[in-house]
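These notes are about the structure you will find just below.
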Amino acid sequence: MAALFNIIRACTYALVILFTCICLAMAGHFQSVLIASDLTRFVPFAIFVCSASMFIFLILLSFSFFLRERNPISTRIELACLALAGTFWLVLGVYLTTSESQSADVECFASESSTQPLDDDAANFHTDQYQAMYRVLMVFSLMNATIILLSCLALLFLAIRRHRNGDNHMWHGPVTSCAWFNSYSEGKHARHNSNGSSILPITANHNKGSTSRQTSGRRQGGNSRYRQDPYSEKPLPRTKKSWYTTEDLNHGTLMYPKTAHGSR
């Protein structure tokens with residue numbers, strides 16, 4: 001399951017980098033053709049956000065790809081980076097949405113010192129082009145903010161769930177080496193059930209042997225009136241003890257012994 005998380009993480013960060021490159025291209029083009037004014041304050045801020053976001057996500061991906069388990073970026077650091085980058089993109093998107101620059105008109109001049117604007121046919125940058133690129137920058141900024149903040153919340157949810165399950169070490173390790181989708185509680189419950197039902201089997205021969213040994217021990221003590229056959233579970237019928245006197249031995253009358261009617 002760790003491989004699935006790493007694939008989702010890599011695809012998400014690659015998508016963010018792609019959108020960042022698009023926004024950086026828009027902002028760079030604005031910086032090259034637009035003269036600095038109150039309506040173009042979003043341009044340097046957009047370049048800063050794109051550069052910072054590019055740096056953050058390239059570091060996260062390169063460290064996890066080349067260093068793997070030796071990655072020094074822990075889960076806490078990655079959460080902080082995602083929250084910071086998401087906040088930057090959210091502020092940029094909100095600023096572009098509420099700014100008056102989105103409905104501004106473009107006027108082209110022959111030089112910076114010129115005061116007479118050029119005709120639309122002679123201009124190389126028009127109002128419709130500017131507004132279209134502005135909307136692209138605004139939309140991709142909001143999309144980046146949404147993707148990054150959702151990724152941060154998802155990783156925070158997984159980290160809190162692991163923390164509640166007793167895994168506190170994942171805060172100090174890289175996110176690529178943790179099995180985020182495994183649940184230890186189910187494993188513990190299964191092990192508990194298996195330990196509770198682990199009873200060793202006892203064969204019938206073992207029980208017979210134990211019964212025979214117990215019966216044999218009682219017979220050797222002389223306190224039992226039963227004789228136990230070691231190969232049978234049912235006791236043999238009761239027998240009477242016979243007593244012989246010296247007179248019977250001397251006269252040869254052992255064929256008709258005297259039977260004792262009492263106990264010893």
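Following the order of the structure tokens, chains are lettered A, B, ..., residues in each are numbered from 1, and ligands are numbered from 1.
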*asked:* Which residues are close to Thr75 of chain A, i.e. within 6 Å by only C-alpha atoms, leaving aside same-chain residues fewer than 4 positions away? Reply as JSON, numbers by chain.
replied: {"A": [171, 174, 175]}
*Show which residues sit within 7 Å of Leu142 of chain A, as a PyMOL selection string. Count only C-alpha atoms, and ignore same-chain residues fewer than 4 positions away.*
chain A and resi 89-90+93+138+146
Residue selection dump (all heavy atoms) as a short mmCIF file (atom, residue, chain, number, x, y, z; two decimals), in the first residue's frame:
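What landed in again03.cif:
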data_model
loop_
_atom_site.label_atom_id
_atom_site.label_comp_id
_atom_site.auth_asym_id
_atom_site.auth_seq_id
_atom_site.Cartn_x
_atom_site.Cartn_y
_atom_site.Cartn_z
N TRP A 89 -0.77 30.07 -3.00
CA TRP A 89 -1.61 29.99 -4.18
C TRP A 89 -3.02 30.49 -3.91
O TRP A 89 -3.67 31.09 -4.79
CB TRP A 89 -1.66 28.55 -4.70
CG TRP A 89 -0.43 28.15 -5.44
CD1 TRP A 89 0.54 27.29 -5.03
CD2 TRP A 89 -0.06 28.58 -6.75
NE1 TRP A 89 1.51 27.17 -5.99
CE2 TRP A 89 1.18 27.95 -7.06
CE3 TRP A 89 -0.62 29.44 -7.69
CZ2 TRP A 89 1.83 28.15 -8.26
CZ3 TRP A 89 0.03 29.64 -8.89
CH2 TRP A 89 1.24 29.00 -9.17
N LEU A 90 -3.53 30.25 -2.73
CA LEU A 90 -4.87 30.73 -2.38
C LEU A 90 -4.90 32.26 -2.34
O LEU A 90 -5.85 32.88 -2.86
CB LEU A 90 -5.30 30.15 -1.04
CG LEU A 90 -6.71 30.52 -0.57
CD1 LEU A 90 -7.76 30.01 -1.56
CD2 LEU A 90 -6.97 29.95 0.83
N GLY A 93 -4.73 33.49 -5.96
CA GLY A 93 -6.00 33.31 -6.66
C GLY A 93 -7.06 34.29 -6.22
O GLY A 93 -7.80 34.85 -7.05
N MET A 138 -5.42 33.14 -13.38
CA MET A 138 -6.33 33.09 -12.23
C MET A 138 -6.87 31.68 -12.00
O MET A 138 -6.90 31.18 -10.86
CB MET A 138 -7.47 34.08 -12.45
CG MET A 138 -8.51 34.11 -11.35
SD MET A 138 -9.83 35.30 -11.69
CE MET A 138 -10.53 34.58 -13.19
N THR A 146 -6.36 24.62 -4.65
CA THR A 146 -7.28 23.54 -4.26
C THR A 146 -6.56 22.20 -4.14
O THR A 146 -6.73 21.46 -3.15
CB THR A 146 -8.41 23.43 -5.29
OG1 THR A 146 -9.08 24.69 -5.40
CG2 THR A 146 -9.41 22.36 -4.88
#
*Quick one: distance from atom CA of Phe140 of chain A to atom CA of Ser37 of chain A in Å, one decimal?*
23.5 Å
*Excluding same-chain residues fewer than 2 positions from Asp105 of chain A, what lies within 12 Å of it counting only C-alpha atoms, as a PyMOL selection string?*
chain A and resi 34+39-40+100-103+107-108+120+125-132+134
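Nearest residue to Ala14 of chain A, choosing from A:Phe57, A:Phe48, A:Phe181, A:Phe42 and counting only C-alpha atoms: A:Phe57.
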*Contacts of segment 80-82 of chain A within 10 Å, only C-alpha atoms, excl. fewer than 2 positions in-chain, as a PyMOL selection string*: chain A and resi 53+56-57+60+75-78+84-88+145+147-153+155
*Atomic separation - atom CA of Ser177 of chain A relative to atom CA of Arg68 of chain A, Å*: 7.7 Å
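Distances from A:His29, A:Arg41, A:His163, A:Arg9 to Phe65 of chain A were compared using only C-alpha atoms, and the smallest one belongs to A:Arg9.
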*Atomic distance atom CA of Thr176 of chain A - atom CA of Glu69 of chain A, expressed in Å with one decimal*: 7.6 Å
